[in-house]
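Input: a single structure, listed below in structure tokens.
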Protein chains: 2
Amino acid sequence: MAVCEGKTFKFGNASITSFASVVGKIESEGPYGDEFDEVVEDNKGGAETWEQAEAMLQTKALQHAMDKAELIPENMDLIFAGDLLNQCTGSSYGLKDFYIPFLGIYGACSTFAEALLLSASMVNAGYVDNCAAVTSSHFSSAERQFRFPLNYGGVRTPTAQWTATASGAAIVAAATEPPYIRAATVGKVQDMGINDLNNMGAAMAGAAYDTLSRHFKHMGTHPESYDLIITGDLGQVGSDLLYDLFKRDGVDIKKWHNDCGLLLYDRESQDVHAGGSGCGCSASMMCGHFLKRVKSGELKRILYAATGALMSPTMVQQGGTIPGISHAVEICYQ
Amino acid sequence: MAVCEGKTFKFGNASITSFASVVGKIESEGPYGDEFDEVVEDNKGGAETWEQAEAMLQTKALQHAMDKAELIPENMDLIFAGDLLNQCTGSSYGLKDFYIPFLGIYGACSTFAEALLLSASMVNAGYVDNCAAVTSSHFSSAERQFRFPLNYGGVRTPTAQWTATASGAAIVAAATEPPYIRAATVGKVQDMGINDLNNMGAAMAGAAYDTLSRHFKHMGTHPESYDLIITGDLGQVGSDLLYDLFKRDGVDIKKWHNDCGLLLYDRESQDVHAGGSGCGCSASMMCGHFLKRVKSGELKRILYAATGALMSPTMVQQGGTIPGISHAVEICYQ
């Protein structure tokens, strides 16, 4: 069977005019802790449950992003949002009180890239004047939903990743200021046959390889065309696999590569095993750290390839595998 | 607070070039039973589990739609897909073997309208040549996930709706043939304070009212501008509430209104209480019945407002309410 190539979308008129991030206490103690807009010190941040706390992270992140751009809800046109909770309730509950037109999306930890690429698509085409991309994750709500009740005190395996308690929000508009979203490539669902709930990195590496390869090909670029290629969140296991996959093509990606899951925490002093993960991990690293560097010109051209493990406890219990997906978004100073 | 109006998107270049539907046995025994492309007689259709059976419905629906348009995966550019299963696995597992770029979406039972409006947006803007919209639901996988294990034999309340075992797939392209997608309005998350897992219609009626009202206003239309206004899936309870909400504005919508949840089954002879629901309900009614009538010119202009209850058992157990959402898509013969 010949392979479907898909398209790489090009944008001449999409800029990230505002962005903000909110993280939990552990994330604030990591190497980029002072770059986030707000830290929720307590695991529940005043909410009654972890799920409600996660919804609150999105409320806060979008509010910060709107405040920075001096936008109020009646001037907003659209939101793309998603999270890891069943029925994506972090987004629907967290953002409902803004009363802004809302499109829910699901791409597991790749969701922030999906939100950015769809926001850029809608703004660039002129359907809306502005569009917000918002995602979140929460360690405690994710652990109990996907793995074990936290009280059970299960031992985490070395390949396990730590779901970030974090949210990121970016507002895309047709402005003439960096960071610009210049191009995007939509991922395909890739199944590498992984069925270990504690080895998400391996499930996602093939998807990142496929999407990045197609993006390079369609854009006529290669790893050295970028200041940085940022995945989120392969962790250590998945990053090593990604290098191996590119090596087979004679491509060295390692020198230009960084992974949000390996950045958010200090893996020496913080016990996060193979690194961070969750829809909020790369969203907070992008909105807390990287977008600032592109805005200032310190980074001229980055390729952000968020990766998601489309993992379902039900499917895994039924003997199914964990497919992965990765979407790539090219963000530039010019 | 002034209210966010949002935009109604207009499309000059988006046509539904192919569509197909696959349903279960009970759906095939309803009033439109002979209009669907394939009937899966057994609840599992040869799959080992209900969840795998639901994924298979999507595989079959997209394959039928592609076959009718003589398309193979390498000629497809993009899929928007979603379903009711946690982590939207009906879509990711059901469509992964096509290897087509994939964007997962979540809007509960409103998902097919979300998929259609995003497909039209991407095709009309020229990002892709074609785009598939695919959704599904399955009675058994939904009941055990959202309500009770089926073996428990819980008594269903009169307001309960029956989740359809069904899938619909539509391919949107820039062709010059009907049905055309001419406009779309994105819904806002609306919370009417409902917290009864068995009264989804009430949770969604306010969302449908808000989206339809904005669509009429932005388009300069009213109910009688359309041959039909088709909601999916308010059921009887939600439809009556919708009439009441419009009546307050002096608008009679009842004469032009029909609801996919009230059409899919024969409520006299089939024990579905307040009507059908699920991402597959309005998807199969659109792809099995209505789009054919627009294609032939029998219906000249319809407004399809799918409605979703963003219902989370976790949130409801925590005392939360069930927000609703509704997206409207205007489909025309000319």
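As shown in the structure tokens, the chain order sets the letters A, B, ...; within each chain, residues go from 1, and ligands are also counted from 1 in the order they appear.
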
Quick check: residues of chain B within 7 Å of chain A, only C-alpha atoms, returned as a PyMOL selection string. chain B and resi 2-7+9+73-78+86-87+92+96+99-102+104-107+125+127-128+186-190+310-312

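The set of residues in region 36-109 of chain A assigned to strand (DSSP E) by DSSP, using only backbone atoms of this structure, is Glu38, Val39, Val40, Ile79, Phe80, Ala81, Gly82, Asp83, Phe102, Leu103 and Gly104 of chain A.
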
Give me the residues within 7 Å of Ile171 (chain B) as a count of residues only, counting only C-alpha atoms and dropping any in the same chain fewer than 5 places off. 9

Pick out each residue of region 76-236 of chain A that DSSP on the backbone tags as helix (DSSP H, G or I); I need them as a PyMOL selection string. chain A and resi 86-98+108-124+139-146+150-152+200-219+223-225+235-236
